Structures are given as structure tokens and as C-alpha cells.
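*Asks:* work39.cif is the file, holding mmCIF, C-alpha atoms:
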data_my_file
#
loop_
_atom_site.group_PDB
_atom_site.id
_atom_site.type_symbol
_atom_site.label_atom_id
_atom_site.label_comp_id
_atom_site.auth_asym_id
_atom_site.auth_seq_id
_atom_site.Cartn_x
_atom_site.Cartn_y
_atom_site.Cartn_z
ATOM 1 C CA MET A 1 -22.913 4.883 -10.604
ATOM 2 C CA ASN A 2 -22.151 4.544 -14.331
ATOM 3 C CA ARG A 3 -19.840 7.551 -14.171
ATOM 4 C CA SER A 4 -17.984 5.956 -11.238
ATOM 5 C CA ILE A 5 -17.499 2.722 -13.193
ATOM 6 C CA GLU A 6 -16.285 4.607 -16.259
ATOM 7 C CA ARG A 7 -13.819 6.570 -14.135
ATOM 8 C CA ALA A 8 -12.470 3.397 -12.484
ATOM 9 C CA ARG A 9 -12.002 1.711 -15.850
ATOM 10 C CA ALA A 10 -10.290 4.796 -17.240
ATOM 11 C CA ILE A 11 -7.734 4.645 -14.402
ATOM 12 C CA ALA A 12 -7.103 0.957 -15.088
ATOM 13 C CA ASP A 13 -6.765 1.554 -18.824
ATOM 14 C CA ARG A 14 -3.920 3.972 -18.235
ATOM 15 C CA LEU A 15 -1.816 1.016 -17.178
ATOM 16 C CA VAL A 16 -3.601 -2.122 -18.372
ATOM 17 C CA PRO A 17 -4.090 -3.627 -20.819
ATOM 18 C CA ARG A 18 -3.383 -0.877 -23.339
ATOM 19 C CA PHE A 19 -0.296 0.379 -21.548
ATOM 20 C CA THR A 20 1.783 2.954 -23.407
ATOM 21 C CA PRO A 21 5.120 4.036 -21.865
ATOM 22 C CA ARG A 22 5.162 7.693 -20.980
ATOM 23 C CA ILE A 23 8.034 10.102 -20.568
ATOM 24 C CA MET A 24 8.897 9.776 -16.905
ATOM 25 C CA ILE A 25 9.513 12.819 -14.783
ATOM 26 C CA PRO A 26 12.487 12.168 -12.466
ATOM 27 C CA VAL A 27 11.186 11.630 -8.974
ATOM 28 C CA GLY A 28 13.705 14.161 -7.687
ATOM 29 C CA LEU A 29 12.009 16.884 -9.695
ATOM 30 C CA VAL A 30 8.603 16.371 -8.114
ATOM 31 C CA LEU A 31 7.466 19.621 -6.593
ATOM 32 C CA THR A 32 8.458 19.640 -2.950
ATOM 33 C CA VAL A 33 5.818 21.151 -0.756
ATOM 34 C CA ILE A 34 6.067 21.141 2.992
ATOM 35 C CA VAL A 35 2.729 19.931 4.200
ATOM 36 C CA GLY A 36 1.996 19.863 7.895
ATOM 37 C CA LEU A 37 1.003 16.523 9.350
ATOM 38 C CA VAL A 38 -2.132 16.939 11.428
ATOM 39 C CA ALA A 39 -2.941 14.298 14.036
ATOM 40 C CA GLY A 40 -6.628 14.183 14.875
ATOM 41 C CA ARG A 41 -9.579 11.953 15.410
ATOM 42 C CA ALA A 42 -10.823 9.802 12.543
ATOM 43 C CA MET A 43 -13.796 11.287 10.729
ATOM 44 C CA ALA A 44 -16.931 9.211 10.839
ATOM 45 C CA GLY A 45 -18.235 7.416 7.745
ATOM 46 C CA LEU A 46 -16.649 5.501 4.882
ATOM 47 C CA GLY A 47 -18.238 7.275 1.965
ATOM 48 C CA SER A 48 -17.003 10.874 2.054
ATOM 49 C CA GLY A 49 -13.683 12.466 1.184
ATOM 50 C CA ASP A 50 -10.390 11.183 -0.133
ATOM 51 C CA ARG A 51 -8.688 8.713 2.167
ATOM 52 C CA LEU A 52 -6.114 5.987 2.494
ATOM 53 C CA VAL A 53 -6.983 2.950 4.628
ATOM 54 C CA ILE A 54 -4.079 0.747 5.732
ATOM 55 C CA GLY A 55 -4.648 -2.633 7.381
ATOM 56 C CA ASN A 56 -2.760 -5.688 8.582
ATOM 57 C CA THR A 57 -3.821 -8.614 6.393
ATOM 58 C CA ALA A 58 -2.413 -11.624 8.272
ATOM 59 C CA GLY A 59 1.058 -10.228 8.803
ATOM 60 C CA THR A 60 1.500 -8.004 5.766
ATOM 61 C CA LEU A 61 0.027 -4.558 5.269
ATOM 62 C CA SER A 62 -2.434 -3.757 2.482
ATOM 63 C CA ALA A 63 -4.078 -0.475 1.561
ATOM 64 C CA VAL A 64 -7.115 0.977 -0.190
ATOM 65 C CA LEU A 65 -6.720 4.454 -1.682
ATOM 66 C CA GLN A 66 -9.879 6.364 -2.571
ATOM 67 C CA VAL A 67 -9.704 9.573 -4.593
ATOM 68 C CA HIS A 68 -13.202 10.804 -5.463
ATOM 69 C CA ASP A 69 -14.901 7.660 -6.799
ATOM 70 C CA THR A 70 -11.700 5.854 -7.789
ATOM 71 C CA ARG A 71 -10.409 3.070 -5.559
ATOM 72 C CA ILE A 72 -6.965 1.484 -5.826
ATOM 73 C CA ALA A 73 -5.962 -1.529 -3.714
ATOM 74 C CA ILE A 74 -2.340 -2.282 -2.826
ATOM 75 C CA GLY A 75 -1.000 -5.581 -1.461
ATOM 76 C CA GLY A 76 -2.858 -8.806 -0.740
ATOM 77 C CA GLY A 77 -2.339 -11.022 2.270
ATOM 78 C CA ASN A 78 -1.326 -14.541 3.213
ATOM 79 C CA SER A 79 -4.735 -16.159 2.854
ATOM 80 C CA TYR A 80 -7.427 -16.150 0.210
ATOM 81 C CA ALA A 81 -9.958 -14.000 2.087
ATOM 82 C CA ASP A 82 -7.570 -11.433 3.606
ATOM 83 C CA LEU A 83 -7.701 -8.656 1.031
ATOM 84 C CA THR A 84 -11.375 -9.162 0.187
ATOM 85 C CA ASP A 85 -12.334 -8.861 3.838
ATOM 86 C CA PHE A 86 -10.140 -5.766 4.236
ATOM 87 C CA VAL A 87 -11.693 -4.081 1.180
ATOM 88 C CA ASP A 88 -15.206 -4.885 2.394
ATOM 89 C CA ARG A 89 -14.516 -3.395 5.829
ATOM 90 C CA SER A 90 -12.942 -0.295 4.288
ATOM 91 C CA THR A 91 -15.618 0.585 1.716
ATOM 92 C CA LEU A 92 -19.365 0.927 1.414
ATOM 93 C CA PRO A 93 -21.210 -2.033 -0.151
ATOM 94 C CA TRP A 94 -22.035 -0.053 -3.304
ATOM 95 C CA LYS A 95 -18.494 1.354 -3.603
ATOM 96 C CA ARG A 96 -16.344 -1.766 -3.783
ATOM 97 C CA ARG A 97 -15.305 -1.663 -7.420
ATOM 98 C CA ILE A 98 -11.497 -1.571 -7.523
ATOM 99 C CA GLY A 99 -10.152 0.414 -10.462
ATOM 100 C CA LEU A 100 -6.633 -0.958 -10.057
ATOM 101 C CA LEU A 101 -5.081 -3.693 -7.912
ATOM 102 C CA VAL A 102 -1.330 -3.215 -7.351
ATOM 103 C CA ILE A 103 0.734 -6.273 -6.358
ATOM 104 C CA PRO A 104 4.502 -6.533 -5.713
ATOM 105 C CA GLY A 105 5.453 -9.301 -8.139
ATOM 106 C CA TRP A 106 8.423 -10.683 -6.222
ATOM 107 C CA ASP A 107 6.583 -11.151 -2.920
ATOM 108 C CA GLY A 108 4.444 -14.286 -2.764
ATOM 109 C CA ARG A 109 3.049 -13.276 0.634
ATOM 110 C CA HIS A 110 0.572 -10.964 -1.142
ATOM 111 C CA LEU A 111 -0.540 -13.438 -3.784
ATOM 112 C CA ALA A 112 -3.281 -15.469 -2.063
ATOM 113 C CA GLY A 113 -5.226 -12.434 -0.876
ATOM 114 C CA ALA A 114 -4.875 -10.679 -4.229
ATOM 115 C CA LEU A 115 -6.198 -13.775 -6.020
ATOM 116 C CA GLY A 116 -9.210 -13.882 -3.722
ATOM 117 C CA LEU A 117 -10.116 -10.273 -4.531
ATOM 118 C CA VAL A 118 -9.717 -10.787 -8.291
ATOM 119 C CA GLU A 119 -11.983 -13.825 -8.248
ATOM 120 C CA ARG A 120 -14.594 -12.055 -6.111
ATOM 121 C CA GLY A 121 -14.314 -8.787 -8.055
ATOM 122 C CA PRO A 122 -15.062 -6.376 -9.434
ATOM 123 C CA VAL A 123 -11.472 -5.409 -10.340
ATOM 124 C CA ASP A 124 -10.891 -3.467 -13.564
ATOM 125 C CA GLY A 125 -7.116 -3.780 -13.846
ATOM 126 C CA ILE A 126 -4.094 -5.414 -12.196
ATOM 127 C CA ALA A 127 -0.608 -3.902 -12.103
ATOM 128 C CA VAL A 128 2.178 -6.275 -11.028
ATOM 129 C CA ILE A 129 5.335 -4.445 -10.012
ATOM 130 C CA GLY A 130 8.321 -6.342 -11.389
ATOM 131 C CA THR A 131 8.541 -9.913 -12.600
ATOM 132 C CA ARG A 132 6.020 -12.307 -11.121
ATOM 133 C CA GLY A 133 7.105 -15.276 -9.075
ATOM 134 C CA SER A 134 6.841 -18.937 -9.991
ATOM 135 C CA GLU A 135 3.866 -19.734 -7.756
ATOM 136 C CA GLN A 136 0.955 -21.528 -9.441
ATOM 137 C CA GLU A 137 -1.437 -18.879 -8.156
ATOM 138 C CA TRP A 138 -0.088 -16.387 -10.712
ATOM 139 C CA ALA A 139 -1.379 -18.503 -13.588
ATOM 140 C CA ILE A 140 -4.720 -18.912 -11.787
ATOM 141 C CA MET A 141 -4.936 -15.150 -11.312
ATOM 142 C CA GLU A 142 -4.212 -14.452 -14.976
ATOM 143 C CA GLU A 143 -6.919 -16.917 -15.975
ATOM 144 C CA SER A 144 -9.391 -15.367 -13.530
ATOM 145 C CA ALA A 145 -8.548 -11.908 -14.859
ATOM 146 C CA ARG A 146 -9.338 -13.055 -18.401
ATOM 147 C CA HIS A 147 -12.706 -14.411 -17.296
ATOM 148 C CA THR A 148 -13.636 -11.201 -15.462
ATOM 149 C CA GLY A 149 -12.230 -8.813 -18.061
ATOM 150 C CA ALA A 150 -9.514 -7.366 -15.815
ATOM 151 C CA GLY A 151 -6.374 -6.447 -17.721
ATOM 152 C CA VAL A 152 -2.998 -7.504 -16.293
ATOM 153 C CA ARG A 153 0.238 -5.598 -16.813
ATOM 154 C CA TYR A 154 3.722 -6.354 -15.496
ATOM 155 C CA LEU A 155 5.703 -3.188 -14.817
ATOM 156 C CA ALA A 156 9.494 -3.171 -14.925
ATOM 157 C CA GLY A 157 11.445 -0.161 -13.754
ATOM 158 C CA GLU A 158 9.578 3.042 -12.947
ATOM 159 C CA HIS A 159 6.121 4.123 -14.097
ATOM 160 C CA ARG A 160 3.874 6.965 -13.056
ATOM 161 C CA LEU A 161 0.071 7.038 -13.064
ATOM 162 C CA THR A 162 -1.940 10.249 -12.786
ATOM 163 C CA ILE A 163 -5.110 9.643 -10.789
ATOM 164 C CA ASP A 164 -6.383 13.210 -10.580
ATOM 165 C CA ASP A 165 -5.058 16.759 -10.706
ATOM 166 C CA GLY A 166 -2.245 16.854 -8.149
ATOM 167 C CA VAL A 167 -2.515 13.131 -7.335
ATOM 168 C CA THR A 168 -0.065 10.566 -8.750
ATOM 169 C CA LEU A 169 1.192 7.073 -8.002
ATOM 170 C CA THR A 170 4.756 6.119 -8.953
ATOM 171 C CA PHE A 171 5.629 2.422 -9.181
ATOM 172 C CA ASP A 172 9.263 1.304 -9.018
ATOM 173 C CA ALA A 173 10.417 -2.303 -9.298
ATOM 174 C CA ALA A 174 13.934 -2.951 -8.023
ATOM 175 C CA ALA A 175 15.705 -5.697 -9.934
ATOM 176 C CA PRO A 176 16.654 -8.696 -7.774
ATOM 177 C CA GLY A 177 20.293 -9.119 -6.840
ATOM 178 C CA ASP A 178 21.739 -12.226 -5.203
ATOM 179 C CA GLN A 179 19.834 -14.753 -3.124
ATOM 180 C CA THR A 180 19.863 -12.444 -0.103
ATOM 181 C CA ASP A 181 18.344 -9.639 -2.176
ATOM 182 C CA PRO A 182 15.296 -11.176 -3.889
ATOM 183 C CA GLY A 183 13.874 -7.899 -5.162
ATOM 184 C CA ALA A 184 11.721 -5.092 -3.883
ATOM 185 C CA ALA A 185 8.974 -2.692 -4.865
ATOM 186 C CA THR A 186 8.130 0.859 -3.879
ATOM 187 C CA ILE A 187 4.906 2.751 -4.484
ATOM 188 C CA THR A 188 4.907 6.505 -3.932
ATOM 189 C CA LEU A 189 1.684 8.431 -3.519
ATOM 190 C CA ASN A 190 1.969 12.163 -4.098
ATOM 191 C CA TYR A 191 -1.208 13.861 -2.935
ATOM 192 C CA HIS A 192 -1.065 17.594 -3.594
ATOM 193 C CA GLY A 193 2.516 17.709 -2.309
ATOM 194 C CA ALA A 194 2.151 15.255 0.582
ATOM 195 C CA LYS A 195 4.212 12.118 0.053
ATOM 196 C CA ILE A 196 3.406 8.606 1.285
ATOM 197 C CA VAL A 197 5.902 5.881 0.352
ATOM 198 C CA PHE A 198 5.014 2.176 0.458
ATOM 199 C CA VAL A 199 7.966 -0.222 0.615
ATOM 200 C CA ASP A 200 7.803 -3.987 0.065
ATOM 201 C CA ALA A 201 11.225 -5.457 0.816
ATOM 202 C CA THR A 202 12.919 -7.899 3.140
ATOM 203 C CA THR A 203 14.630 -6.650 6.263
ATOM 204 C CA SER A 204 18.042 -7.530 4.795
ATOM 205 C CA ASN A 205 17.565 -5.498 1.601
ATOM 206 C CA GLN A 206 19.740 -2.598 2.714
ATOM 207 C CA LYS A 207 19.909 -1.161 -0.800
ATOM 208 C CA ILE A 208 16.224 -0.296 -0.735
ATOM 209 C CA TRP A 209 16.130 0.900 2.864
ATOM 210 C CA ASN A 210 19.157 3.137 2.269
ATOM 211 C CA ALA A 211 17.423 4.635 -0.763
ATOM 212 C CA VAL A 212 14.310 5.322 1.292
ATOM 213 C CA ARG A 213 16.438 6.844 4.059
ATOM 214 C CA ASP A 214 17.971 9.224 1.527
ATOM 215 C CA ASP A 215 14.514 10.293 0.379
ATOM 216 C CA VAL A 216 14.053 12.880 3.098
ATOM 217 C CA GLY A 217 10.831 14.085 1.483
ATOM 218 C CA SER A 218 8.984 10.963 2.669
ATOM 219 C CA GLN A 219 6.499 12.283 5.185
ATOM 220 C CA ILE A 220 4.741 8.961 5.784
ATOM 221 C CA LEU A 221 6.509 5.633 5.280
ATOM 222 C CA VAL A 222 4.522 2.380 5.066
ATOM 223 C CA SER A 223 6.267 -0.994 5.207
ATOM 224 C CA LEU A 224 4.020 -3.607 3.624
ATOM 225 C CA ARG A 225 6.112 -6.546 4.768
ATOM 226 C CA SER A 226 8.908 -5.854 7.219
ATOM 227 C CA PRO A 227 8.461 -4.703 10.828
ATOM 228 C CA ALA A 228 12.117 -3.726 10.989
ATOM 229 C CA ASP A 229 13.802 -0.314 11.208
ATOM 230 C CA LEU A 230 12.023 1.061 8.101
ATOM 231 C CA ALA A 231 14.855 3.572 7.768
ATOM 232 C CA GLY A 232 12.343 6.114 8.977
ATOM 233 C CA LYS A 233 14.759 8.987 9.555
ATOM 234 C CA GLY A 234 13.283 10.921 6.648
ATOM 235 C CA ALA A 235 9.663 10.359 7.688
ATOM 236 C CA ARG A 236 7.379 12.019 10.178
ATOM 237 C CA VAL A 237 5.366 8.798 10.516
ATOM 238 C CA ALA A 238 6.267 5.123 9.974
ATOM 239 C CA ILE A 239 3.471 2.538 9.688
ATOM 240 C CA ARG A 240 4.391 -1.140 9.878
ATOM 241 C CA PRO A 241 3.055 -4.585 10.804
ATOM 242 C CA VAL A 242 3.638 -5.623 14.398
ATOM 243 C CA ALA A 243 6.551 -8.032 14.766
ATOM 244 C CA ARG A 244 5.525 -11.673 15.015
ATOM 245 C CA ARG A 245 8.905 -12.852 16.338
ATOM 246 C CA SER A 246 11.257 -11.345 18.882
ATOM 247 C CA SER A 247 14.037 -11.425 16.261
ATOM 248 C CA ASP A 248 12.061 -8.872 14.237
ATOM 249 C CA LEU A 249 12.024 -6.280 17.005
ATOM 250 C CA ALA A 250 13.384 -2.942 15.809
ATOM 251 C CA VAL A 251 13.473 0.697 16.735
ATOM 252 C CA SER A 252 11.682 3.010 14.327
ATOM 253 C CA GLY A 253 13.670 6.029 13.169
ATOM 254 C CA ALA A 254 10.520 8.060 12.495
ATOM 255 C CA GLU A 255 9.124 10.690 14.804
ATOM 256 C CA TYR A 256 5.847 8.769 15.184
ATOM 257 C CA THR A 257 5.113 5.089 14.629
ATOM 258 C CA GLY A 258 1.897 3.193 13.961
ATOM 259 C CA ASP A 259 2.206 -0.563 14.621
ATOM 260 C CA LEU A 260 -0.745 -2.525 13.208
ATOM 261 C CA VAL A 261 -1.738 -5.925 14.563
ATOM 262 C CA THR A 262 -3.478 -8.524 12.408
ATOM 263 C CA GLY A 263 -6.980 -7.396 11.451
ATOM 264 C CA SER A 264 -6.508 -3.776 12.529
ATOM 265 C CA ARG A 265 -6.905 -0.746 10.254
ATOM 266 C CA LEU A 266 -5.768 2.852 10.211
ATOM 267 C CA THR A 267 -7.540 5.517 8.140
ATOM 268 C CA ILE A 268 -5.640 8.540 6.838
ATOM 269 C CA ARG A 269 -7.887 11.378 5.668
ATOM 270 C CA LEU A 270 -6.541 13.311 2.710
ATOM 271 C CA ARG A 271 -7.233 16.896 1.733
ATOM 272 C CA PRO A 272 -5.071 19.268 -0.323
ATOM 273 C CA GLY A 273 -2.521 20.638 2.114
ATOM 274 C CA GLU A 274 -3.569 18.335 4.960
ATOM 275 C CA VAL A 275 -3.055 14.755 6.098
ATOM 276 C CA ARG A 276 -5.073 13.595 9.104
ATOM 277 C CA ILE A 277 -4.199 10.528 11.179
ATOM 278 C CA PRO A 278 -6.091 9.490 14.331
ATOM 279 C CA GLU A 279 -3.992 10.658 17.263
ATOM 280 C CA ASN A 280 -4.602 7.538 19.314
ATOM 281 C CA ARG A 281 -3.179 5.272 16.581
ATOM 282 C CA LEU A 282 0.339 6.718 16.750
ATOM 283 C CA SER A 283 3.044 6.547 19.377
ATOM 284 C CA LYS A 284 6.216 8.507 19.866
ATOM 285 C CA ALA A 285 9.013 6.319 18.526
ATOM 286 C CA ALA A 286 11.178 5.741 21.585
ATOM 287 C CA GLY A 287 12.040 2.041 21.573
ATOM 288 C CA PRO A 288 11.487 -1.371 20.003
ATOM 289 C CA GLN A 289 7.977 -2.388 19.106
ATOM 290 C CA PRO A 290 6.196 -5.221 20.934
ATOM 291 C CA THR A 291 5.695 -8.625 19.394
ATOM 292 C CA GLU A 292 2.182 -9.636 18.423
ATOM 293 C CA LYS A 293 0.506 -11.911 20.927
ATOM 294 C CA PRO A 294 -2.701 -13.946 20.676
ATOM 295 C CA SER A 295 -5.705 -11.929 21.757
ATOM 296 C CA PRO A 296 -6.381 -12.661 25.447
ATOM 297 C CA ALA A 297 -9.814 -13.408 26.828
ATOM 298 C CA PRO A 298 -11.683 -10.285 27.942
ATOM 299 C CA ALA A 299 -10.608 -9.226 31.405
ATOM 300 C CA THR A 300 -13.188 -9.413 34.147
ATOM 301 C CA ARG A 301 -13.290 -7.304 37.245
#
Please lay out the structure from this file as C-alpha cells.
*Replies:*
Amino acid sequence: MNRSIERARAIADRLVPRFTPRIMIPVGLVLTVIVGLVAGRAMAGLGSGDRLVIGNTAGTLSAVLQVHDTRIAIGGGNSYADLTDFVDRSTLPWKRRIGLLVIPGWDGRHLAGALGLVERGPVDGIAVIGTRGSEQEWAIMEESARHTGAGVRYLAGEHRLTIDDGVTLTFDAAAPGDQTDPGAATITLNYHGAKIVFVDATTSNQKIWNAVRDDVGSQILVSLRSPADLAGKGARVAIRPVARRSSDLAVSGAEYTGDLVTGSRLTIRLRPGEVRIPENRLSKAAGPQPTEKPSPAPATR
């Protein structure tokens, strides 16, 4: 247990609070390895193997990445308990220490859930991608982080974090443009050559979606916020929140699509050279996604 805590803190310390800029390797030079995407049944148990759990936290997607005994949370949710509940359902009770919490700074829809997790803890470090918003909760979070000993670091531009041999996270904060382009954040997980790209941007931010479309090496694309097109032409799989309004309906350009309703989760098992997604959680992208409806009463026959 002590070794797990030391490892989690070491990951956090690479970014916060004693962050030292490193020479960045251009993303385009990352070794390109064609890794087959294997669709299969989810393996039983929460405690074994590297994995990425993605869930719908009240309309936005959040994720928990586990590599060995290191856990990194991404996102938040629209209410105070969203991310905490998601973490608890995605981890074992004695493995809930979060080494690093990653939050898109421009997007206030993640803030409440992230604050709830920081106050509940334990969280060793917080990385905010880009400039934080003006919401009062940011000041509350910083104060809570000081009380719990979690370092906070605001990341501008691009930064890369090495988690383990062959496993990196790259954070990129897009500067905001005009009022219709409030900013965006991307988080790229490279796991032994397999690439999973998280995008947090509005539907109208074509600059970001075009950039993702051009990144043909994206094998799995995860939209944390928008249920729209996702520019999935370069991805084998697109994972997104289910549309809450008919105006958000969109056709996915990916080969396979996973639409997550509020409260649902999808577990991706990670092994060098292999990515495993439950077959029954994906559908062939052939048309617009459905809108989310209230859960009906159980049918009786």
C-alpha cells in the first residue's frame, strides 16, 4: 500500500506542484504503431490489469485511467457527487487514491464534480488544462487542495507526462478565440502505440475538430462534452455522451460508436499491443444517435 501511495505521489509531482518544463517531443514524431482493436467481453473484476473506464457523469464524460497502481481521473461532472460516485464505482475501496486529477480549465461543466472529488479525496495532484474560468468554485477548489495537500498546476500549451514505460499522457490547451470559440482541451493517451484522444470542446469549435480529423492516428476518440460529429473519420471507435436534445443529433464518422447515457460506464482493457472493448457496447456507425430519454418503468409481460 505504501509503495502504491508513493508511486501515485510521484506521478503527481511530475506536474504539480514542482512542475519543471520539459523538452517536448512533437506529437507528430510519436512512434506510430498499428495496433489492432479487439472487441470482446469485459473482463471480470476491478482490481487487475491496466484499464480505462469511461462514464457519463450527468451529461459529460469522465474517465479513470489505471496503469499498475497509478490512477488518473479526467473530467468532473455537472453536480458535486458525479465524479466521486463514478470513481467509487470504477475502483476497489482500497484503491481509490487518485494520483492526478485532470480538468479542462475553460469548461465549467466539469467543475462541480471535480470539486467534490478533491474535497472527498484522496487526490495527490490537480492539473488544469488552460486558464481556469471565473466560477467561484475554482477558488474553493484551490483552498480545498491546500488543506488536503494536493498541488495545483495550470498548464498552458502542450505538456507531456510519462506514466510508465511506453505510456504517456499529452495535455494540450487551445487558446480561446472569439466568443463562439471559448477554448478547448485535448488529452492524448499513448499506451504502447495505441492512441486514445480525449477532446473537450463545443460543437461549434471547428478548429479543434478539424485538427482531430487530421490526426488519422487516433484509434479511439472520446468526446468529453459534445455529442456531435466528433470528426471521427480518423478513428476506429468514437465514444460520446448521448444527445440530450434533438438539435444535438449527429452522425459519427467513426467505424464504431459507443453512446453513453447518464450513469453508464464502459471499460477498456489495456495490454501492450491490444485494446479490448466489450462488443455489446459498440454499434456500427450508420446514422444519427438517439436522444437520451428518461428511464421508463420496467416492462411487465
*Asks:* Excluding segment 115-131 of chain A and residues on its chain fewer than 4 positions from it, collect all residues at most 6 Å away from it, counting only C-alpha atoms, and give them as a PDB file with C-alpha atoms, keeping the file's coordinate frame.
*Replies:*
ATOM      1  CA  ARG A   9     -12.002   1.711 -15.850  1.00  0.00           C
ATOM      2  CA  ALA A  12      -7.103   0.957 -15.088  1.00  0.00           C
ATOM      3  CA  VAL A  16      -3.601  -2.122 -18.372  1.00  0.00           C
ATOM      4  CA  TYR A  80      -7.427 -16.150   0.210  1.00  0.00           C
ATOM      5  CA  ALA A  81      -9.958 -14.000   2.087  1.00  0.00           C
ATOM      6  CA  THR A  84     -11.375  -9.162   0.187  1.00  0.00           C
ATOM      7  CA  ARG A  97     -15.305  -1.663  -7.420  1.00  0.00           C
ATOM      8  CA  ILE A  98     -11.497  -1.571  -7.523  1.00  0.00           C
ATOM      9  CA  GLY A  99     -10.152   0.414 -10.462  1.00  0.00           C
ATOM     10  CA  LEU A 100      -6.633  -0.958 -10.057  1.00  0.00           C
ATOM     11  CA  LEU A 101      -5.081  -3.693  -7.912  1.00  0.00           C
ATOM     12  CA  VAL A 102      -1.330  -3.215  -7.351  1.00  0.00           C
ATOM     13  CA  ILE A 103       0.734  -6.273  -6.358  1.00  0.00           C
ATOM     14  CA  PRO A 104       4.502  -6.533  -5.713  1.00  0.00           C
ATOM     15  CA  GLY A 105       5.453  -9.301  -8.139  1.00  0.00           C
ATOM     16  CA  MET A 141      -4.936 -15.150 -11.312  1.00  0.00           C
ATOM     17  CA  ALA A 150      -9.514  -7.366 -15.815  1.00  0.00           C
ATOM     18  CA  GLY A 151      -6.374  -6.447 -17.721  1.00  0.00           C
ATOM     19  CA  VAL A 152      -2.998  -7.504 -16.293  1.00  0.00           C
ATOM     20  CA  ARG A 153       0.238  -5.598 -16.813  1.00  0.00           C
ATOM     21  CA  TYR A 154       3.722  -6.354 -15.496  1.00  0.00           C
ATOM     22  CA  LEU A 155       5.703  -3.188 -14.817  1.00  0.00           C
ATOM     23  CA  ALA A 156       9.494  -3.171 -14.925  1.00  0.00           C
ATOM     24  CA  ALA A 173      10.417  -2.303  -9.298  1.00  0.00           C
TER      25      ALA A 173
END
*Asks:* For the provided coordinates, the residues matched by the PyMOL selection byres ((chain A and resi 273) around 7) should be stated as a list in words.
*Replies:*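 Checked against the file, the PyMOL selection byres ((chain A and resi 273) around 7) matches Val35, His192, Arg271, Pro272 and Glu274 of chain A.
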*Asks:* Would you export the selected residues with C-alpha atoms as a PDB file, in the coordinates of the input, please?
*Replies:*
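The resulting file, selection_33.pdb, is shown below:
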ATOM      1  CA  VAL A  35       2.729  19.931   4.200  1.00  0.00           C
ATOM      2  CA  HIS A 192      -1.065  17.594  -3.594  1.00  0.00           C
ATOM      3  CA  ARG A 271      -7.233  16.896   1.733  1.00  0.00           C
ATOM      4  CA  PRO A 272      -5.071  19.268  -0.323  1.00  0.00           C
ATOM      5  CA  GLU A 274      -3.569  18.335   4.960  1.00  0.00           C
TER       6      GLU A 274
END
*Asks:* Build an axis-aligned box that encloses every atom of segment 113-123 of chain A listed in the file, pad it by 4 Å on each side, and report its centre and edge lengths in Å to one decimal, as AutoDock Vina command-line options.
*Replies:*
--center_x -10.0 --center_y -9.6 --center_z -5.6 --size_x 18.2 --size_y 16.5 --size_z 17.5
*Asks:* Around the point (-3.4, -10.6, 10.3) in the file's coordinates, collect all residues with an atom within 10 Å, using all atoms listed in the file, and return them as a ChimeraX atom specification.
*Replies:* /A:55-61,77-79,82,241-242,260-264,292
*Asks:* Show which residues sit within 8 Å of Leu224 of chain A, as a ChimeraX atom specification. Count all atoms listed in the file, and ignore same-chain residues fewer than 4 positions away.
*Replies:* /A:60-62,75,198-201,240-241
*Asks:* With the file shown as input, list the residues that the PyMOL selection byres ((chain A and resi 239) around 10) selects, as an MDAnalysis selection string.
*Replies:* chainID A and resid 54:55 61 198 220:224 227 230 232 237:238 240:242 252 254 256:260 266 281:282
*Asks:* Given the choices A:Ala184, A:Leu189, A:Ile74, A:Val53, which gets closest to Val167 of chain A if the distance is worked out from all atoms listed in the file?
*Replies:*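 The shortest atom-to-atom distance to Val167 of chain A comes from A:Leu189.
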*Asks:* With C-alpha atoms retained, output segment 66-90 of chain A as an mmCIF file, in the first residue's frame.
*Replies:*
data_model
loop_
_atom_site.group_PDB
_atom_site.id
_atom_site.type_symbol
_atom_site.label_atom_id
_atom_site.label_comp_id
_atom_site.auth_asym_id
_atom_site.auth_seq_id
_atom_site.Cartn_x
_atom_site.Cartn_y
_atom_site.Cartn_z
ATOM 1 C CA GLN A 66 -5.321 2.859 -14.146
ATOM 2 C CA VAL A 67 -1.780 1.821 -15.037
ATOM 3 C CA HIS A 68 -0.408 -0.624 -12.459
ATOM 4 C CA ASP A 69 -1.247 1.073 -9.147
ATOM 5 C CA THR A 70 -1.477 4.606 -10.545
ATOM 6 C CA ARG A 71 -4.905 6.127 -11.112
ATOM 7 C CA ILE A 72 -5.578 9.315 -13.071
ATOM 8 C CA ALA A 73 -9.053 10.873 -13.257
ATOM 9 C CA ILE A 74 -10.151 13.070 -16.162
ATOM 10 C CA GLY A 75 -13.194 15.368 -16.217
ATOM 11 C CA GLY A 76 -15.732 16.048 -13.485
ATOM 12 C CA GLY A 77 -19.460 16.372 -13.973
ATOM 13 C CA ASN A 78 -22.301 18.824 -13.509
ATOM 14 C CA SER A 79 -23.041 18.054 -9.872
ATOM 15 C CA TYR A 80 -20.965 17.726 -6.739
ATOM 16 C CA ALA A 81 -21.229 13.939 -6.364
ATOM 17 C CA ASP A 82 -20.869 12.936 -10.033
ATOM 18 C CA LEU A 83 -17.148 12.265 -10.277
ATOM 19 C CA THR A 84 -16.839 10.841 -6.763
ATOM 20 C CA ASP A 85 -19.602 8.345 -7.449
ATOM 21 C CA PHE A 86 -18.032 7.415 -10.799
ATOM 22 C CA VAL A 87 -14.603 6.854 -9.212
ATOM 23 C CA ASP A 88 -16.119 4.741 -6.438
ATOM 24 C CA ARG A 89 -17.970 2.536 -8.930
ATOM 25 C CA SER A 90 -14.853 2.162 -11.077
#
